[in-house]
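Below: entry.cif (mmCIF, C-alpha atoms and all ligand atoms)
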data_input
loop_
_atom_site.label_atom_id
_atom_site.label_comp_id
_atom_site.auth_asym_id
_atom_site.auth_seq_id
_atom_site.Cartn_x
_atom_site.Cartn_y
_atom_site.Cartn_z
CA MET A 632 -3.84 -18.14 -8.09
CA ARG A 633 -4.79 -16.09 -5.01
CA LYS A 634 -4.61 -17.97 -1.71
CA LEU A 635 -8.02 -17.16 -0.33
CA LYS A 636 -7.92 -16.18 3.31
CA ARG A 637 -10.56 -15.43 5.87
CA ILE A 638 -12.40 -12.16 5.34
CA ILE A 639 -11.73 -9.58 8.04
CA ARG A 640 -13.48 -6.27 8.46
CA ILE A 641 -11.42 -3.19 9.30
CA GLY A 642 -13.82 -0.30 9.85
CA ASN A 643 -15.62 0.28 6.56
CA THR A 644 -13.26 -1.95 4.56
CA GLU A 645 -12.80 -5.68 4.17
CA ILE A 646 -9.60 -7.55 3.48
CA GLY A 647 -9.07 -11.20 2.59
CA GLY A 648 -11.18 -13.54 0.48
CA GLU A 649 -11.64 -12.14 -2.97
CA ASN A 650 -11.57 -8.53 -1.82
CA PRO A 651 -9.17 -6.28 -3.72
CA ILE A 652 -5.65 -6.31 -2.31
CA ARG A 653 -5.70 -3.14 -0.22
CA VAL A 654 -3.05 -0.46 -0.37
CA GLN A 655 -2.06 1.00 2.96
CA SER A 656 0.44 3.42 4.36
CA MET A 657 1.53 4.93 7.64
CA THR A 658 1.56 8.58 8.63
CA LYS A 659 4.89 10.19 9.36
CA THR A 660 3.48 13.00 11.45
CA ASP A 661 3.29 13.17 15.24
CA THR A 662 -0.12 11.63 15.92
CA ARG A 663 -0.64 14.16 18.73
CA ASP A 664 -0.63 16.87 16.06
CA VAL A 665 -4.16 16.25 14.80
CA ASP A 666 -4.18 18.81 11.97
CA SER A 667 -0.92 17.61 10.40
CA THR A 668 -1.95 13.98 10.74
CA VAL A 669 -5.40 14.54 9.25
CA ASN A 670 -3.94 16.57 6.37
CA GLN A 671 -1.48 13.82 5.56
CA ILE A 672 -4.20 11.16 5.69
CA LEU A 673 -6.52 13.17 3.43
CA GLU A 674 -3.70 13.60 0.93
CA LEU A 675 -3.08 9.84 0.96
CA GLU A 676 -6.82 9.13 0.63
CA GLU A 677 -6.80 11.28 -2.48
CA LEU A 678 -4.17 8.97 -3.97
CA GLY A 679 -6.20 5.88 -3.14
CA CYS A 680 -4.81 4.86 0.26
CA GLU A 681 -7.36 2.45 1.74
CA ILE A 682 -6.10 1.84 5.27
CA ILE A 683 -3.92 4.15 7.36
CA ARG A 684 -1.72 3.33 10.34
CA VAL A 685 -0.65 5.86 12.92
CA ALA A 686 2.02 5.55 15.61
CA VAL A 687 0.59 5.60 19.12
CA LYS A 688 3.53 6.25 21.37
CA ASP A 689 1.76 7.67 24.39
CA MET A 690 -1.65 8.25 25.95
CA GLU A 691 -1.97 11.68 24.39
CA ALA A 692 -1.55 10.17 20.90
CA ALA A 693 -4.13 7.48 21.73
CA SER A 694 -6.56 10.13 22.96
CA LYS A 695 -6.37 12.00 19.63
CA ILE A 696 -7.60 9.05 17.56
CA GLY A 697 -11.26 10.01 17.98
CA GLU A 698 -10.65 13.53 16.64
CA ILE A 699 -8.60 12.21 13.72
CA LYS A 700 -11.22 9.60 12.85
CA LYS A 701 -13.98 12.19 12.63
CA ARG A 702 -12.11 13.97 9.82
CA ILE A 703 -10.94 11.03 7.68
CA HIS A 704 -12.76 8.43 5.60
CA ILE A 705 -10.57 5.31 5.68
CA PRO A 706 -9.97 2.83 8.50
CA LEU A 707 -7.34 3.76 11.05
CA VAL A 708 -4.88 1.28 12.57
CA ALA A 709 -3.26 2.11 15.89
CA ASP A 710 0.36 1.00 15.99
CA ILE A 711 1.26 0.04 19.53
CA HIS A 712 4.32 -1.42 21.14
CA PHE A 713 4.69 -2.80 24.65
CA ASP A 714 2.08 -0.78 26.55
CA PRO A 715 -1.38 -2.42 26.47
CA ARG A 716 -2.96 0.67 28.06
CA LEU A 717 -2.32 2.48 24.79
CA ALA A 718 -4.27 -0.24 22.98
CA VAL A 719 -7.21 0.11 25.35
CA GLU A 720 -7.23 3.90 24.98
CA SER A 721 -6.94 3.64 21.17
CA ILE A 722 -9.82 1.16 21.00
CA LYS A 723 -11.98 3.37 23.19
CA ASN A 724 -11.21 6.27 20.86
CA GLY A 725 -12.40 4.34 17.82
CA ALA A 726 -9.32 2.67 16.27
CA ASP A 727 -10.45 0.20 13.58
CA LYS A 728 -7.53 -2.17 13.99
CA ILE A 729 -4.68 -2.61 16.43
CA ARG A 730 -1.14 -3.55 15.60
CA LEU A 731 0.31 -5.15 18.67
CA ASN A 732 2.40 -8.17 19.54
CA PRO A 733 0.96 -9.84 22.64
CA SER A 734 4.31 -11.47 23.44
CA ASN A 735 5.54 -7.99 24.40
CA ILE A 736 2.95 -7.85 27.17
CA GLN A 737 4.00 -9.67 30.32
CA ASP A 738 0.67 -9.65 32.11
CA LYS A 739 -1.78 -12.13 30.60
CA GLU A 740 -4.71 -10.29 32.17
CA TRP A 741 -3.91 -7.28 29.98
CA ILE A 742 -3.80 -9.46 26.87
CA LYS A 743 -7.23 -10.76 27.81
CA LYS A 744 -8.49 -7.25 28.40
CA VAL A 745 -7.32 -5.98 24.99
CA ALA A 746 -8.61 -9.09 23.22
CA THR A 747 -12.00 -8.83 24.92
CA LEU A 748 -12.39 -5.18 23.98
CA CYS A 749 -11.41 -5.94 20.37
CA LYS A 750 -13.86 -8.83 20.29
CA GLU A 751 -16.71 -6.70 21.60
CA ARG A 752 -16.10 -4.11 18.88
CA ASN A 753 -15.09 -6.50 16.07
CA ILE A 754 -11.64 -4.96 15.84
CA PRO A 755 -8.87 -7.10 14.34
CA ILE A 756 -5.37 -7.30 15.72
CA ARG A 757 -2.37 -7.47 13.44
CA VAL A 758 0.37 -9.64 14.87
CA GLY A 759 3.67 -10.54 13.42
CA ALA A 760 7.40 -10.36 13.45
CA ASN A 761 10.02 -8.03 12.11
CA LEU A 762 13.76 -8.57 12.27
CA GLY A 763 13.69 -5.71 14.75
CA SER A 764 11.50 -7.81 17.06
CA PHE A 765 14.52 -9.94 18.02
CA ARG A 766 16.99 -8.72 20.61
CA GLU A 767 19.76 -10.66 18.87
CA ARG A 768 19.76 -11.77 15.27
CA PRO A 769 18.69 -15.45 15.31
CA LYS A 770 20.92 -17.96 13.55
CA ASP A 771 18.04 -19.20 11.43
CA LEU A 772 16.01 -16.06 10.85
CA VAL A 773 13.33 -17.71 8.71
CA LYS A 774 12.62 -20.34 11.34
CA ALA A 775 12.73 -17.80 14.16
CA MET A 776 10.29 -15.49 12.39
CA VAL A 777 7.85 -18.31 11.67
CA GLU A 778 8.03 -19.47 15.30
CA SER A 779 7.59 -15.93 16.54
CA VAL A 780 4.43 -15.37 14.47
CA LYS A 781 3.04 -18.76 15.57
CA ASN A 782 3.67 -17.76 19.16
CA GLU A 783 1.85 -14.43 18.75
CA VAL A 784 -1.15 -16.16 17.19
CA GLU A 785 -1.21 -18.84 19.89
CA ILE A 786 -1.26 -16.25 22.65
CA LEU A 787 -4.30 -14.55 21.11
CA ASN A 788 -6.00 -17.87 20.36
CA SER A 789 -5.45 -18.92 23.99
CA VAL A 790 -7.64 -16.03 25.15
CA GLY A 791 -10.30 -16.93 22.58
CA PHE A 792 -9.36 -14.32 19.97
CA ASP A 793 -9.01 -15.07 16.29
CA ASN A 794 -9.80 -11.85 14.42
CA ILE A 795 -6.21 -11.72 13.28
CA VAL A 796 -4.12 -10.30 10.45
CA ILE A 797 -0.64 -11.76 9.96
CA SER A 798 2.42 -9.79 9.02
CA ALA A 799 6.05 -10.87 8.76
CA LYS A 800 8.50 -8.46 7.26
CA THR A 801 12.25 -8.05 7.06
CA SER A 802 14.46 -5.73 5.08
CA ASN A 803 15.77 -8.80 3.25
CA VAL A 804 13.68 -9.64 0.21
CA LEU A 805 14.43 -13.37 0.08
CA THR A 806 13.86 -13.91 3.80
CA THR A 807 10.57 -12.02 3.64
CA ILE A 808 9.40 -14.21 0.76
CA GLN A 809 10.43 -17.45 2.46
CA VAL A 810 8.79 -16.57 5.77
CA ASN A 811 5.51 -15.53 4.16
CA ARG A 812 5.38 -18.64 2.01
CA LEU A 813 5.70 -20.85 5.09
CA LEU A 814 3.23 -18.86 7.15
CA SER A 815 0.69 -18.69 4.37
CA ASP A 816 0.55 -22.49 4.30
CA MET A 817 -0.06 -22.52 8.06
CA PHE A 818 -2.71 -19.86 8.57
CA GLU A 819 -6.04 -18.94 7.08
CA TYR A 820 -5.82 -15.39 8.45
CA PRO A 821 -5.32 -12.63 5.89
CA PHE A 822 -1.79 -11.37 5.25
CA HIS A 823 -0.38 -7.87 5.35
CA ILE A 824 2.79 -7.95 3.25
CA GLY A 825 5.77 -5.73 2.62
CA VAL A 826 9.51 -5.46 2.77
CA THR A 827 10.27 -3.36 5.80
CA GLU A 828 12.96 -0.72 6.28
CA ALA A 829 13.38 -0.90 2.52
CA GLY A 830 15.26 2.38 2.26
CA PRO A 831 14.78 5.54 0.24
CA LEU A 832 12.62 5.71 -2.86
CA SER A 833 14.65 3.94 -5.53
CA ASP A 834 16.02 1.29 -3.15
CA SER A 835 12.57 0.57 -1.82
CA LEU A 836 10.96 0.47 -5.22
CA VAL A 837 13.32 -2.28 -6.30
CA LYS A 838 13.16 -4.29 -3.08
CA SER A 839 9.41 -3.87 -2.63
CA SER A 840 8.56 -4.64 -6.23
CA ILE A 841 10.55 -7.85 -6.08
CA GLY A 842 9.47 -8.93 -2.58
CA ILE A 843 5.83 -7.91 -2.69
CA GLY A 844 5.60 -8.77 -6.38
CA ILE A 845 6.80 -12.34 -5.99
CA LEU A 846 4.49 -12.96 -3.04
CA LEU A 847 1.48 -11.50 -4.83
CA ASN A 848 2.28 -13.52 -7.90
CA GLU A 849 2.13 -16.63 -5.71
CA GLY A 850 -1.26 -15.56 -4.41
CA ILE A 851 0.01 -14.37 -1.02
CA GLY A 852 -1.06 -10.98 0.35
CA ASP A 853 -4.37 -9.31 1.14
CA THR A 854 -3.06 -5.86 1.93
CA LEU A 855 0.32 -4.27 1.40
CA ARG A 856 2.51 -1.40 2.41
CA VAL A 857 5.51 -0.22 0.46
CA SER A 858 7.89 1.07 3.10
CA ILE A 859 9.81 4.14 1.92
CA THR A 860 12.06 6.56 3.77
CA GLY A 861 10.36 9.60 2.33
CA ASN A 862 6.94 11.02 1.59
CA PRO A 863 4.17 8.46 2.25
CA ARG A 864 2.51 9.59 -1.01
CA GLU A 865 5.18 7.53 -2.76
CA GLU A 866 4.18 4.47 -0.72
CA VAL A 867 0.62 4.62 -2.01
CA ILE A 868 1.64 5.37 -5.59
CA ALA A 869 4.15 2.50 -5.55
CA GLY A 870 1.61 0.11 -4.01
CA TYR A 871 -0.79 0.66 -6.87
CA LYS A 872 1.97 0.46 -9.45
CA ILE A 873 2.95 -2.98 -8.17
CA LEU A 874 -0.66 -4.17 -8.21
CA LYS A 875 -1.23 -2.75 -11.68
CA ALA A 876 1.94 -4.33 -13.06
CA LEU A 877 0.63 -7.72 -11.90
CA GLU A 878 -2.83 -6.91 -13.24
CA LEU A 879 -4.32 -7.36 -9.78
CA ARG A 880 -5.87 -3.88 -9.59
CA LYS A 881 -6.80 -1.16 -12.02
CA HIS A 882 -6.11 2.34 -10.83
CA GLY A 883 -5.37 5.62 -12.53
CA LEU A 884 -2.86 6.40 -15.16
CA GLU A 885 -0.61 3.80 -16.76
CA ILE A 886 2.13 5.45 -18.77
CA ILE A 887 3.76 3.52 -21.57
CA SER A 888 6.74 5.60 -22.62
CA CYS A 889 9.90 4.72 -24.45
CA PRO A 890 13.24 5.30 -22.74
CA THR A 891 14.19 7.52 -25.75
CA CYS A 892 17.41 7.12 -27.67
CA GLY A 893 19.34 8.83 -30.43
CA ARG A 894 16.34 8.49 -32.76
CA ALA A 895 13.99 10.64 -30.65
CA GLU A 896 13.35 14.05 -32.15
CA VAL A 897 10.92 15.32 -29.52
CA ASP A 898 11.59 15.84 -25.79
CA ILE A 899 9.72 12.76 -24.55
CA GLU A 900 10.88 13.14 -20.96
CA SER A 901 9.31 16.58 -20.59
CA ILE A 902 6.00 15.31 -22.00
CA VAL A 903 6.00 12.41 -19.52
CA THR A 904 6.88 14.73 -16.62
CA LYS A 905 3.95 17.01 -17.51
CA LEU A 906 1.65 14.01 -17.86
CA ASN A 907 2.57 12.84 -14.39
CA THR A 908 2.05 16.31 -12.93
CA ASP A 909 -1.31 16.84 -14.63
CA PHE A 910 -2.81 13.36 -14.43
CA GLY A 911 -0.76 11.47 -11.83
CA ASN A 912 -3.66 11.61 -9.34
CA VAL A 913 -6.56 10.55 -11.58
CA LYS A 914 -8.36 7.47 -10.34
CA THR A 915 -9.92 6.52 -13.69
CA GLU A 916 -8.03 3.74 -15.35
CA LEU A 917 -6.26 5.11 -18.43
CA LYS A 918 -3.42 3.76 -20.53
CA VAL A 919 -1.40 6.53 -22.15
CA ALA A 920 1.52 5.99 -24.54
CA VAL A 921 4.26 8.48 -25.36
CA MET A 922 6.73 7.21 -27.92
CA GLY A 923 9.78 8.83 -29.43
CA CYS A 924 9.81 7.63 -33.03
CA VAL A 925 8.25 5.44 -35.68
CA VAL A 926 10.20 2.31 -34.67
CA ASN A 927 7.80 1.16 -31.95
CA GLY A 928 5.74 4.31 -31.64
CA PRO A 929 2.62 3.66 -33.70
CA GLY A 930 2.19 0.11 -32.34
CA GLU A 931 2.28 1.18 -28.68
CA ALA A 932 0.27 4.37 -29.28
CA LYS A 933 -2.43 2.38 -31.04
CA ASP A 934 -2.61 -0.16 -28.23
CA ALA A 935 -3.17 2.49 -25.53
CA ASP A 936 -6.40 4.36 -24.76
CA ILE A 937 -4.60 7.41 -26.04
CA GLY A 938 -1.09 7.76 -27.38
CA VAL A 939 1.28 9.88 -29.32
CA ALA A 940 3.93 8.53 -31.68
CA CYS A 941 6.43 11.28 -32.29
CA GLY A 942 8.50 11.91 -35.40
CA LYS A 943 10.56 14.84 -36.61
CA ASP A 944 9.17 17.75 -34.58
CA SER A 945 5.66 16.31 -34.76
CA GLY A 946 3.41 13.71 -33.23
CA VAL A 947 0.65 11.44 -34.49
CA LEU A 948 -2.15 11.22 -31.95
CA PHE A 949 -4.03 7.95 -31.54
CA LYS A 950 -7.26 7.49 -29.62
CA LYS A 951 -8.62 3.99 -29.02
CA GLY A 952 -6.42 2.69 -31.83
CA LYS A 953 -7.30 5.30 -34.46
CA ILE A 954 -5.33 8.30 -35.71
CA VAL A 955 -7.14 11.46 -34.68
CA LYS A 956 -4.61 14.23 -35.37
CA VAL A 957 -1.12 15.09 -36.45
CA VAL A 958 0.33 17.79 -34.20
CA ARG A 959 3.38 19.98 -34.68
CA GLY A 960 6.22 20.58 -32.18
CA GLU A 961 5.17 22.80 -29.28
CA GLU A 962 1.53 21.87 -29.75
CA ILE A 963 2.06 18.19 -28.97
CA TYR A 964 1.57 18.36 -25.22
CA PRO A 965 -1.27 20.93 -25.05
CA VAL A 966 -3.30 19.03 -27.65
CA PHE A 967 -2.49 15.67 -26.05
CA LYS A 968 -3.54 17.05 -22.66
CA SER A 969 -6.86 18.34 -23.93
CA GLU A 970 -7.61 15.01 -25.65
CA ILE A 971 -6.87 13.16 -22.40
CA GLU A 972 -9.20 15.50 -20.53
CA LYS A 973 -11.94 14.78 -23.06
CA LEU A 974 -11.44 11.04 -22.59
CA LEU A 975 -11.61 11.38 -18.80
CA ASN A 976 -14.80 13.43 -19.04
CA GLU A 977 -16.42 10.76 -21.20
CA ASP A 978 -16.13 8.27 -18.31
FE1 LIG B 1001 14.32 5.19 -29.48
FE2 LIG B 1001 12.16 5.30 -31.01
FE3 LIG B 1001 12.45 3.26 -29.30
FE4 LIG B 1001 11.92 5.66 -28.37
S1 LIG B 1001 10.58 4.43 -29.69
S2 LIG B 1001 13.50 4.29 -27.61
S3 LIG B 1001 13.01 6.96 -29.77
S4 LIG B 1001 13.72 3.72 -31.06
#
As structure tokens - that is how I would like this structure written.
Ligand code: SF4
Amino acid sequence: MRKLKRIIRIGNTEIGGENPIRVQSMTKTDTRDVDSTVNQILELEELGCEIIRVAVKDMEAASKIGEIKKRIHIPLVADIHFDPRLAVESIKNGADKIRLNPSNIQDKEWIKKVATLCKERNIPIRVGANLGSFRERPKDLVKAMVESVKNEVEILNSVGFDNIVISAKTSNVLTTIQVNRLLSDMFEYPFHIGVTEAGPLSDSLVKSSIGIGILLNEGIGDTLRVSITGNPREEVIAGYKILKALELRKHGLEIISCPTCGRAEVDIESIVTKLNTDFGNVKTELKVAVMGCVVNGPGEAKDADIGVACGKDSGVLFKKGKIVKVVRGEEIYPVFKSEIEKLLNED
């Protein structure tokens, strides 16, 4: 059961409450390079990215936010560390949310200034803790992370600010889960979840699916980022795959395909690769099955929106549970593709 948190508006998008759990990512370009940053954001939008974060490491990067915002369609979060002037400049340039830990700012007047500006413009601030936030690894990391987040929230509350999103991430799956469980019981602010510094694609997919998956299954999490050392496209794709696996969102293609074995008499892997290339970006919800033989093939193919159960150099095509065609060898994929296109056009 979802733990319902306060609803927060980030630009043209809401998180929290019963809003869909939002998929976000972070650009890997130099924010000062407006064209590259915009191109990357537009590519991520195309995949369904709903909130984008950009690194603001200097005043020039902050000053580019306005130009970037004009050319994108999703809310932009300015990621700031240490220097509150960068937050002020980002806000003035139209950032929709700020990621900033007030404990990193020594001068309370600056905290007040940032909070006041955010309040005037209804801009939320994401606060939180990462393992990297600690100079030395604390003995009890879970406790230290919880205390650290409480401290960040208290600082903002003390200057009258409570438009807050909470985030606590580590690269350790179990620690991340424990910390978020404790914090979720303490705060009614929405939660941004993820396992941070989760490694390259396959490492991250495992860690993130377990960490984010367990939290979501316990009702914790209003927005997520899958952190991957690699192309941010994979972050968005993985985010939706996790949400779809838990039946929390519907989005695009779901491929049911068998792992193949000695019984397969058709190259299932090449069909699945082509499917992913041709339809990996569709937003319409569609369950497609590709099965290697008659053992489990017809059952799965029937259950999908469209499926093919292959046999000896042939495939039986099912649409909405009914056999529509029997196709021979090389024709399997082209015919399957055109039937999928027809289904998509019906929607
Ligand atoms: Fe093997 Fe057939 Fe199962 Fe595919 S469906 S894994 S080919 S037994």
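Proximity of A:Cys889, A:Ile672, A:Ala829, A:Ile937 to ligand LIG 1001 (chain B), computed with only C-alpha atoms and all ligand atoms, is greatest for A:Cys889.
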Residue list as a VMD selection string for point (11.2, -6.8, 12.0), cut-off 8 Å, only C-alpha atoms = chain A and resid 760 to 765 799 to 802 827
task = Return as a VMD selection string every polymer residue, whether protein, DNA or RNA, with at least one atom no more than 8 Å from an atom of ligand LIG 1001 (chain B); count only C-alpha atoms and all ligand atoms.
result = chain A and resid 888 to 896 922 to 928
request  = Please identify all polymer residues within 7 Å of segment 868-881 of chain A, counting only C-alpha atoms, omitting same-chain residues fewer than 5 positions from it, and present them as number ranges by chain.
outcome  = A: 654, 840, 844, 856-857, 916
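Distances from A:Ile756, A:Met817, A:Leu917, A:Val897 to Val958 of chain A were compared using all atoms listed in the file, and the smallest one belongs to A:Val897.
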query = If you measure from atom CA of Ile824 of chain A to atom CA of Glu698 of chain A, what distance in Å do you get, rounded to one decimal?
reply = 28.7 Å
Fix up segment 804-834 of chain A with N, CA and C atoms, then write it as a compact mmCIF listing (two decimals), in the coordinates of the input.
# COMPACT_ATOMS: atom_id res chain seq x y z
N VAL A 804 14.76 -9.22 1.11
CA VAL A 804 13.68 -9.64 0.21
C VAL A 804 13.48 -11.16 0.27
N LEU A 805 14.58 -11.91 0.17
CA LEU A 805 14.43 -13.37 0.08
C LEU A 805 13.89 -13.96 1.38
N THR A 806 14.36 -13.41 2.51
CA THR A 806 13.86 -13.91 3.80
C THR A 806 12.37 -13.61 3.93
N THR A 807 11.99 -12.40 3.54
CA THR A 807 10.57 -12.02 3.64
C THR A 807 9.71 -12.99 2.81
N ILE A 808 10.18 -13.30 1.63
CA ILE A 808 9.40 -14.21 0.76
C ILE A 808 9.29 -15.59 1.41
N GLN A 809 10.45 -16.11 1.88
CA GLN A 809 10.43 -17.45 2.46
C GLN A 809 9.51 -17.55 3.67
N VAL A 810 9.60 -16.54 4.54
CA VAL A 810 8.79 -16.57 5.77
C VAL A 810 7.29 -16.53 5.42
N ASN A 811 6.93 -15.66 4.51
CA ASN A 811 5.51 -15.53 4.16
C ASN A 811 4.98 -16.78 3.47
N ARG A 812 5.82 -17.40 2.65
CA ARG A 812 5.38 -18.64 2.01
C ARG A 812 5.03 -19.68 3.08
N LEU A 813 5.93 -19.83 4.05
CA LEU A 813 5.70 -20.85 5.09
C LEU A 813 4.46 -20.51 5.92
N LEU A 814 4.36 -19.25 6.31
CA LEU A 814 3.23 -18.86 7.15
C LEU A 814 1.90 -18.97 6.41
N SER A 815 1.94 -18.64 5.13
CA SER A 815 0.69 -18.69 4.37
C SER A 815 0.13 -20.11 4.30
N ASP A 816 1.03 -21.09 4.30
CA ASP A 816 0.55 -22.49 4.30
C ASP A 816 -0.01 -22.88 5.66
N MET A 817 0.36 -22.13 6.70
CA MET A 817 -0.06 -22.52 8.06
C MET A 817 -1.36 -21.87 8.50
N PHE A 818 -1.60 -20.64 8.01
CA PHE A 818 -2.71 -19.86 8.57
C PHE A 818 -3.74 -19.46 7.53
N GLU A 819 -4.98 -19.42 7.98
CA GLU A 819 -6.04 -18.94 7.08
C GLU A 819 -6.37 -17.46 7.32
N TYR A 820 -5.61 -16.82 8.21
CA TYR A 820 -5.82 -15.39 8.45
C TYR A 820 -5.26 -14.59 7.26
N PRO A 821 -5.86 -13.43 6.98
CA PRO A 821 -5.32 -12.63 5.89
C PRO A 821 -3.91 -12.10 6.19
N PHE A 822 -3.19 -11.79 5.12
CA PHE A 822 -1.79 -11.37 5.25
C PHE A 822 -1.59 -9.93 4.82
N HIS A 823 -0.86 -9.22 5.69
CA HIS A 823 -0.38 -7.87 5.35
C HIS A 823 1.08 -8.07 4.92
N ILE A 824 1.42 -7.68 3.70
CA ILE A 824 2.79 -7.95 3.25
C ILE A 824 3.57 -6.68 2.93
N GLY A 825 4.89 -6.85 2.95
CA GLY A 825 5.77 -5.73 2.62
C GLY A 825 7.19 -6.09 2.96
N VAL A 826 8.11 -5.34 2.39
CA VAL A 826 9.51 -5.46 2.77
C VAL A 826 9.76 -4.25 3.65
N THR A 827 10.18 -4.49 4.88
CA THR A 827 10.27 -3.36 5.80
C THR A 827 11.64 -2.71 5.77
N GLU A 828 11.70 -1.47 6.26
CA GLU A 828 12.96 -0.72 6.28
C GLU A 828 13.67 -0.87 4.93
N ALA A 829 12.89 -0.63 3.88
CA ALA A 829 13.38 -0.90 2.52
C ALA A 829 14.20 0.24 1.94
N GLY A 830 14.37 1.32 2.72
CA GLY A 830 15.26 2.38 2.26
C GLY A 830 14.56 3.52 1.55
N PRO A 831 15.36 4.42 0.98
CA PRO A 831 14.78 5.54 0.24
C PRO A 831 14.12 5.09 -1.06
N LEU A 832 13.51 6.05 -1.75
CA LEU A 832 12.62 5.71 -2.86
C LEU A 832 13.13 4.64 -3.82
N SER A 833 14.26 4.89 -4.47
CA SER A 833 14.65 3.94 -5.53
C SER A 833 15.03 2.58 -4.95
N ASP A 834 15.68 2.57 -3.78
CA ASP A 834 16.02 1.29 -3.15
C ASP A 834 14.75 0.52 -2.82
